[in-house]
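Colleague: If it helps, the file is called run_32.cif and holds mmCIF, C-alpha atoms:
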```cif
data_final
#
loop_
_atom_site.label_atom_id
_atom_site.label_comp_id
_atom_site.auth_asym_id
_atom_site.auth_seq_id
_atom_site.Cartn_x
_atom_site.Cartn_y
_atom_site.Cartn_z
CA ALA A 1 47.88 127.39 -15.59
CA LYS A 2 48.73 125.56 -12.39
CA PHE A 3 52.21 124.08 -12.15
CA VAL A 4 53.10 120.95 -10.25
CA PRO A 5 55.65 121.67 -7.53
CA VAL A 6 58.83 119.63 -7.62
CA ASP A 7 60.63 117.93 -4.74
CA PRO A 8 63.34 119.94 -2.96
CA PHE A 9 66.62 120.11 -4.88
CA ASP A 10 70.01 121.76 -4.97
CA LEU A 11 70.99 123.51 -8.19
CA VAL A 12 74.56 124.66 -8.74
CA ILE A 13 75.04 126.99 -11.69
CA PHE A 14 78.64 127.08 -12.93
CA GLY A 15 78.90 130.39 -14.75
CA GLY A 16 76.44 131.78 -12.23
CA THR A 17 77.42 135.41 -12.89
CA GLY A 18 77.54 135.13 -16.67
CA ASP A 19 75.24 136.52 -19.32
CA LEU A 20 73.17 133.33 -19.65
CA SER A 21 72.53 133.26 -15.90
CA ARG A 22 71.73 136.97 -15.75
CA ARG A 23 69.43 137.12 -18.77
CA LYS A 24 67.79 133.68 -18.76
CA LEU A 25 68.43 131.23 -15.91
CA LEU A 26 67.89 133.35 -12.82
CA PRO A 27 64.77 135.07 -14.20
CA ALA A 28 63.35 131.69 -15.31
CA LEU A 29 63.97 130.21 -11.87
CA PHE A 30 62.37 133.24 -10.23
CA HIS A 31 59.28 132.82 -12.41
CA ARG A 32 59.11 129.14 -11.41
CA TRP A 33 59.21 130.40 -7.81
CA LEU A 34 56.38 132.85 -8.51
CA ASP A 35 54.33 129.96 -9.90
CA GLY A 36 54.87 127.97 -6.70
CA GLN A 37 56.95 125.31 -8.39
CA ILE A 38 60.14 125.55 -6.29
CA PRO A 39 60.04 124.37 -2.66
CA SER A 40 61.37 126.86 -0.11
CA ASN A 41 63.91 124.35 1.18
CA SER A 42 65.59 124.05 -2.23
CA ARG A 43 68.90 125.82 -2.81
CA ILE A 44 70.20 127.61 -5.89
CA ILE A 45 73.95 128.16 -5.70
CA GLY A 46 75.69 130.34 -8.24
CA SER A 47 79.36 129.63 -8.77
CA ALA A 48 81.91 131.55 -10.80
CA ARG A 49 85.35 133.12 -10.57
CA THR A 50 83.80 136.44 -9.54
CA ASN A 51 84.61 137.18 -5.91
CA MET A 52 81.35 137.90 -4.08
CA ASP A 53 79.36 136.56 -1.15
CA ASP A 54 75.76 135.30 -0.83
CA ASN A 55 74.38 138.84 -0.43
CA GLY A 56 76.34 140.10 -3.43
CA TYR A 57 74.88 137.26 -5.50
CA ARG A 58 71.39 138.03 -4.26
CA ASP A 59 71.85 141.65 -5.38
CA PHE A 60 73.09 140.45 -8.79
CA ALA A 61 70.11 138.09 -9.11
CA ARG A 62 67.64 140.74 -7.92
CA ALA A 63 68.73 143.14 -10.66
CA ALA A 64 68.50 140.35 -13.25
CA CYS A 65 65.08 139.15 -12.11
CA LYS A 66 63.63 142.63 -11.72
CA ALA A 67 64.73 143.52 -15.27
CA ALA A 68 63.02 140.39 -16.61
CA THR A 69 59.81 140.59 -14.57
CA ARG A 70 56.94 142.27 -16.35
CA GLU A 71 54.45 141.87 -13.54
CA ASP A 72 54.36 144.13 -10.53
CA TRP A 73 57.50 143.63 -8.49
CA ASP A 74 56.80 142.32 -4.99
CA GLU A 75 59.80 142.83 -2.72
CA THR A 76 58.44 140.44 -0.08
CA VAL A 77 58.14 137.63 -2.62
CA TRP A 78 61.63 138.48 -3.88
CA GLN A 79 63.06 138.23 -0.36
CA ASP A 80 61.53 134.78 0.04
CA PHE A 81 63.21 133.66 -3.21
CA ALA A 82 66.49 135.36 -2.25
CA ASN A 83 66.60 133.17 0.86
CA ILE A 84 67.27 130.12 -1.33
CA LEU A 85 70.06 131.85 -3.31
CA PHE A 86 73.69 131.31 -2.36
CA TYR A 87 77.07 131.86 -3.95
CA TYR A 88 80.25 129.84 -4.02
CA PRO A 89 83.24 131.60 -5.63
CA MET A 90 85.57 129.21 -7.45
CA ASP A 91 87.30 128.60 -10.74
CA ALA A 92 85.94 125.15 -11.54
CA THR A 93 88.74 124.61 -14.07
CA SER A 94 91.59 125.37 -11.67
CA ALA A 95 93.69 122.64 -10.07
CA ASP A 96 93.36 124.72 -6.88
CA ALA A 97 89.55 124.71 -6.93
CA ASP A 98 88.16 123.86 -3.50
CA TRP A 99 85.76 121.05 -4.37
CA THR A 100 85.80 119.75 -0.79
CA SER A 101 84.23 122.97 0.48
CA LEU A 102 81.64 122.89 -2.29
CA ARG A 103 80.78 119.28 -1.43
CA THR A 104 80.51 120.28 2.25
CA LYS A 105 78.34 123.28 1.33
CA LEU A 106 76.01 120.98 -0.58
CA ASP A 107 76.00 118.43 2.28
CA PRO A 108 73.71 116.21 0.24
CA VAL A 109 70.50 115.02 1.81
CA GLU A 110 69.90 111.33 1.07
CA GLY A 111 68.05 111.00 -2.21
CA ARG A 112 67.82 114.75 -2.78
CA PRO A 113 68.74 115.59 -6.37
CA CYS A 114 71.65 117.89 -7.03
CA ILE A 115 71.76 119.46 -10.47
CA PHE A 116 74.94 120.97 -11.90
CA TYR A 117 74.08 123.42 -14.67
CA LEU A 118 77.05 124.27 -16.88
CA ALA A 119 76.31 127.80 -18.04
CA THR A 120 79.88 128.04 -19.28
CA SER A 121 81.73 127.73 -22.53
CA PRO A 122 81.28 124.21 -23.97
CA ARG A 123 85.08 123.83 -24.01
CA LEU A 124 84.89 123.62 -20.19
CA TYR A 125 82.20 120.90 -20.01
CA VAL A 126 84.51 117.89 -19.92
CA GLN A 127 86.94 119.50 -17.50
CA ILE A 128 84.15 120.38 -15.06
CA ALA A 129 82.49 116.95 -15.46
CA GLU A 130 85.82 115.24 -14.71
CA ALA A 131 86.37 117.43 -11.64
CA LEU A 132 82.86 116.61 -10.39
CA GLY A 133 83.61 112.90 -10.80
CA GLN A 134 87.02 113.10 -9.12
CA ASN A 135 85.46 114.87 -6.15
CA GLY A 136 82.58 112.50 -5.51
CA LEU A 137 79.91 114.70 -7.06
CA SER A 138 78.77 112.56 -9.98
CA SER A 139 76.77 109.65 -8.57
CA ASP A 140 72.99 109.37 -8.73
CA PRO A 141 70.85 111.40 -7.98
CA VAL A 142 73.26 114.00 -9.41
CA ARG A 143 72.24 115.47 -12.77
CA LEU A 144 74.31 117.45 -15.25
CA VAL A 145 72.81 120.06 -17.59
CA LEU A 146 74.76 121.05 -20.69
CA GLU A 147 73.75 124.21 -22.47
CA LYS A 148 73.55 123.99 -26.26
CA PRO A 149 75.30 124.34 -28.61
CA ILE A 150 77.58 121.54 -27.51
CA GLY A 151 80.85 122.20 -29.28
CA THR A 152 81.53 124.07 -32.46
CA ASP A 153 81.25 121.18 -34.93
CA LEU A 154 80.51 117.45 -35.04
CA ASN A 155 83.98 116.43 -33.84
CA SER A 156 84.03 118.78 -30.85
CA ALA A 157 80.46 117.75 -29.95
CA ARG A 158 81.52 114.08 -30.01
CA GLU A 159 84.57 114.82 -27.84
CA ILE A 160 82.43 116.66 -25.31
CA ASN A 161 79.74 113.96 -25.22
CA GLU A 162 82.35 111.20 -24.87
CA GLY A 163 84.20 113.10 -22.13
CA VAL A 164 81.02 113.70 -20.17
CA ALA A 165 79.90 110.06 -20.71
CA ALA A 166 83.14 108.86 -19.11
CA VAL A 167 81.91 110.41 -15.83
CA PHE A 168 78.10 110.56 -15.99
CA ALA A 169 75.56 107.97 -17.11
CA GLU A 170 73.44 109.06 -20.06
CA ASN A 171 70.28 109.23 -17.92
CA GLN A 172 72.03 111.80 -15.70
CA VAL A 173 72.80 114.23 -18.55
CA TYR A 174 70.37 116.80 -19.92
CA ARG A 175 71.20 118.79 -23.02
#
```
Before we go any further, please render this structure as structure tokens.

Modeller:
Amino acid sequence: AKFVPVDPFDLVIFGGTGDLSRRKLLPALFHRWLDGQIPSNSRIIGSARTNMDDNGYRDFARAACKAATREDWDETVWQDFANILFYYPMDATSADADWTSLRTKLDPVEGRPCIFYLATSPRLYVQIAEALGQNGLSSDPVRLVLEKPIGTDLNSAREINEGVAAVFAENQVYR
């Protein structure tokens, strides 16, 4: 099957070194790359409390993608994908989080979508959404992806959805 390539984008994965990123997200993104669906001027930025640099994150992602790739591994193709991988260490829930540097790192291109993927505990969704809003990172064409399950019961799901809706328009949120 032939896949339609998408326009260039920036994707920031909060929880970028977690189990979900390692087992599912990074391998899925790599397979989209293999299918020619991700432009080479896109950027995928992992972010977590783990202290590492871009190369450390590329090593982490390489191990994750290699473990999940059934086809023959092509190191040259991997290196091309690795060139769009970056890492930004931060605790997104800390009052000391350096959002200004993240915003500068993103340096948004006019009209270029930026997607924030919250691969974190649902109890952090509202806090991260609020921080994104307070730091000028919530206006269109920004998108927010919430991993399910959202909350632990109906009440916590409502609280999360209401908290996120206070910052992001419904058409910006993907669940």

Colleague: Measure the distance from CA of Ile160 in chain A to CA of Leu124 in chain A in Å and round it to one decimal.

Modeller: 9.0 Å

Colleague: Using only C-alpha atoms, which protein or nucleic acid residues come within 9 Å of Thr120 in chain A? Drop anything in the same chain fewer than 3 positions from it, and give the result as a short mmCIF file (atom, residue, chain, number, x, y, z; two decimals) with C-alpha atoms, keeping the file's coordinate frame.

Modeller:
```
data_model
loop_
_atom_site.label_atom_id
_atom_site.label_comp_id
_atom_site.auth_asym_id
_atom_site.auth_seq_id
_atom_site.Cartn_x
_atom_site.Cartn_y
_atom_site.Cartn_z
CA PHE A 14 78.64 127.08 -12.93
CA GLY A 15 78.90 130.39 -14.75
CA GLY A 16 76.44 131.78 -12.23
CA GLY A 18 77.54 135.13 -16.67
CA LEU A 20 73.17 133.33 -19.65
CA TYR A 117 74.08 123.42 -14.67
CA ARG A 123 85.08 123.83 -24.01
CA LEU A 124 84.89 123.62 -20.19
CA TYR A 125 82.20 120.90 -20.01
CA LEU A 146 74.76 121.05 -20.69
CA GLU A 147 73.75 124.21 -22.47
#
```

Colleague: Within 6 Å of range 41-57 of chain A, counting all atoms listed in the file, which residues show up once you throw out same-chain ones fewer than 2 positions away? Write them as a ChimeraX atom specification, please.

Modeller: /A:8-16,39,59-60,84-91

Colleague: Take CA of Val4 in chain A and CA of Asp140 in chain A and report the distance between them in Å, one decimal.

Modeller: 23.1 Å

Colleague: Using only C-alpha atoms, pick whichever of A:Ala166, A:Ala82, A:Leu26, A:Ile38 has the shortest atom-to-atom distance to Val126 in chain A.

Modeller: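 Checking each of A:Ala166, A:Ala82, A:Leu26, A:Ile38 against Val126 in chain A, counting only C-alpha atoms, the winner is A:Ala166.
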
Colleague: When you look at Thr100 in chain A with a cut-off of 10 Å (counting all atoms listed in the file), what residues show up, excluding the ones that are within fewer than 4 positions of it in the same chain? I need them as a compact mmCIF listing (two decimals) with C-alpha atoms, in the frame of the given file.

Modeller:
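Output file result-v1.txt follows:
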```txt
# COMPACT_ATOMS: atom_id res chain seq x y z
CA THR A 104 80.51 120.28 2.25
CA LYS A 105 78.34 123.28 1.33
CA LEU A 106 76.01 120.98 -0.58
CA ASN A 135 85.46 114.87 -6.15
CA GLY A 136 82.58 112.50 -5.51
CA LEU A 137 79.91 114.70 -7.06
```

Colleague: Give me the residues within 10 Å of Cys65 in chain A as a list in words, counting only C-alpha atoms and dropping any in the same chain fewer than 5 places off.

Modeller: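 The contact residues come out as Arg22, Arg23, Lys24, Leu25, Leu26, Pro27, Ala28, Leu29, Phe30, His31, Asp59, Phe60, Arg70, Trp73 and Trp78 of chain A.
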
Colleague: Evaluate the PyMOL selection byres ((chain A and resi 173) around 9) against this structure - the residues, as JSON, numbers by chain, please.

Modeller: {"A": [143, 144, 145, 146, 164, 165, 168, 169, 170, 171, 172, 174, 175]}

Colleague: Give the answer as one residue: which of A:Ile128, A:Ile115, A:Thr76, A:Gly133 has the shortest atom-to-atom distance to Ala97 in chain A, using all atoms listed in the file?

Modeller: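 Among the listed residues, the smallest separation from Ala97 in chain A belongs to A:Ile128.
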
Colleague: One decimal, Å: what's the distance from CA of Leu34 in chain A over to CA of Lys66 in chain A, could you say?

Modeller: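 So the two atoms, CA of Leu34 in chain A and CA of Lys66 in chain A, lie 12.6 Å apart.
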
Colleague: Please determine an axis-aligned box that encloses all atoms of range 28-34 of chain A listed in the file, with 6 Å added on each side, and express its centre and edge lengths in Å to one decimal as JSON.

Modeller:
```
{"center_x": 60.2, "center_y": 131.2, "center_z": -11.6, "size_x": 19.6, "size_y": 16.1, "size_z": 19.5}
```

Colleague: Using all atoms listed in the file, which residue out of A:Arg58, A:Asn161, A:Asp19, A:Thr69 lies closest to Arg32 in chain A?

Modeller: A:Thr69

Colleague: Complete range 102-121 of chain A at the level of N, CA and C atoms, written as a short mmCIF file (atom, residue, chain, number, x, y, z; two decimals), in the coordinates of the input.

Modeller:
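Heads up, here's the output in selection.cif:
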```cif
data_model
loop_
_atom_site.label_atom_id
_atom_site.label_comp_id
_atom_site.auth_asym_id
_atom_site.auth_seq_id
_atom_site.Cartn_x
_atom_site.Cartn_y
_atom_site.Cartn_z
N LEU A 102 82.90 122.90 -1.55
CA LEU A 102 81.64 122.89 -2.29
C LEU A 102 80.82 121.66 -1.88
N ARG A 103 81.48 120.50 -1.83
CA ARG A 103 80.78 119.28 -1.43
C ARG A 103 80.20 119.44 -0.02
N THR A 104 80.97 120.04 0.87
CA THR A 104 80.51 120.28 2.25
C THR A 104 79.34 121.25 2.26
N LYS A 105 79.43 122.29 1.42
CA LYS A 105 78.34 123.28 1.33
C LYS A 105 77.05 122.61 0.86
N LEU A 106 77.20 121.69 -0.07
CA LEU A 106 76.01 120.98 -0.58
C LEU A 106 75.48 120.02 0.47
N ASP A 107 76.39 119.36 1.21
CA ASP A 107 76.00 118.43 2.28
C ASP A 107 74.75 117.67 1.86
N PRO A 108 74.89 116.81 0.86
CA PRO A 108 73.71 116.21 0.24
C PRO A 108 72.80 115.48 1.23
N VAL A 109 71.53 115.73 1.06
CA VAL A 109 70.50 115.02 1.81
C VAL A 109 70.23 113.73 1.03
N GLU A 110 70.11 112.63 1.72
CA GLU A 110 69.90 111.33 1.07
C GLU A 110 68.76 111.40 0.06
N GLY A 111 69.06 111.05 -1.18
CA GLY A 111 68.05 111.00 -2.21
C GLY A 111 67.66 112.33 -2.82
N ARG A 112 68.16 113.42 -2.28
CA ARG A 112 67.82 114.75 -2.78
C ARG A 112 68.63 115.03 -4.05
N PRO A 113 67.98 115.35 -5.14
CA PRO A 113 68.74 115.59 -6.37
C PRO A 113 69.60 116.86 -6.30
N CYS A 114 70.76 116.74 -6.87
CA CYS A 114 71.65 117.89 -7.03
C CYS A 114 71.90 118.03 -8.53
N ILE A 115 71.62 119.20 -9.05
CA ILE A 115 71.76 119.46 -10.47
C ILE A 115 72.92 120.43 -10.67
N PHE A 116 73.85 120.07 -11.52
CA PHE A 116 74.94 120.97 -11.90
C PHE A 116 74.62 121.48 -13.30
N TYR A 117 74.42 122.78 -13.40
CA TYR A 117 74.08 123.42 -14.67
C TYR A 117 75.34 124.11 -15.17
N LEU A 118 75.83 123.68 -16.33
CA LEU A 118 77.05 124.27 -16.88
C LEU A 118 76.70 125.40 -17.83
N ALA A 119 76.58 126.59 -17.26
CA ALA A 119 76.31 127.80 -18.04
C ALA A 119 77.65 128.45 -18.38
N THR A 120 78.52 127.63 -18.96
CA THR A 120 79.88 128.04 -19.28
C THR A 120 80.13 127.78 -20.76
N SER A 121 81.33 128.08 -21.18
CA SER A 121 81.73 127.73 -22.53
C SER A 121 81.75 126.20 -22.66
#
```
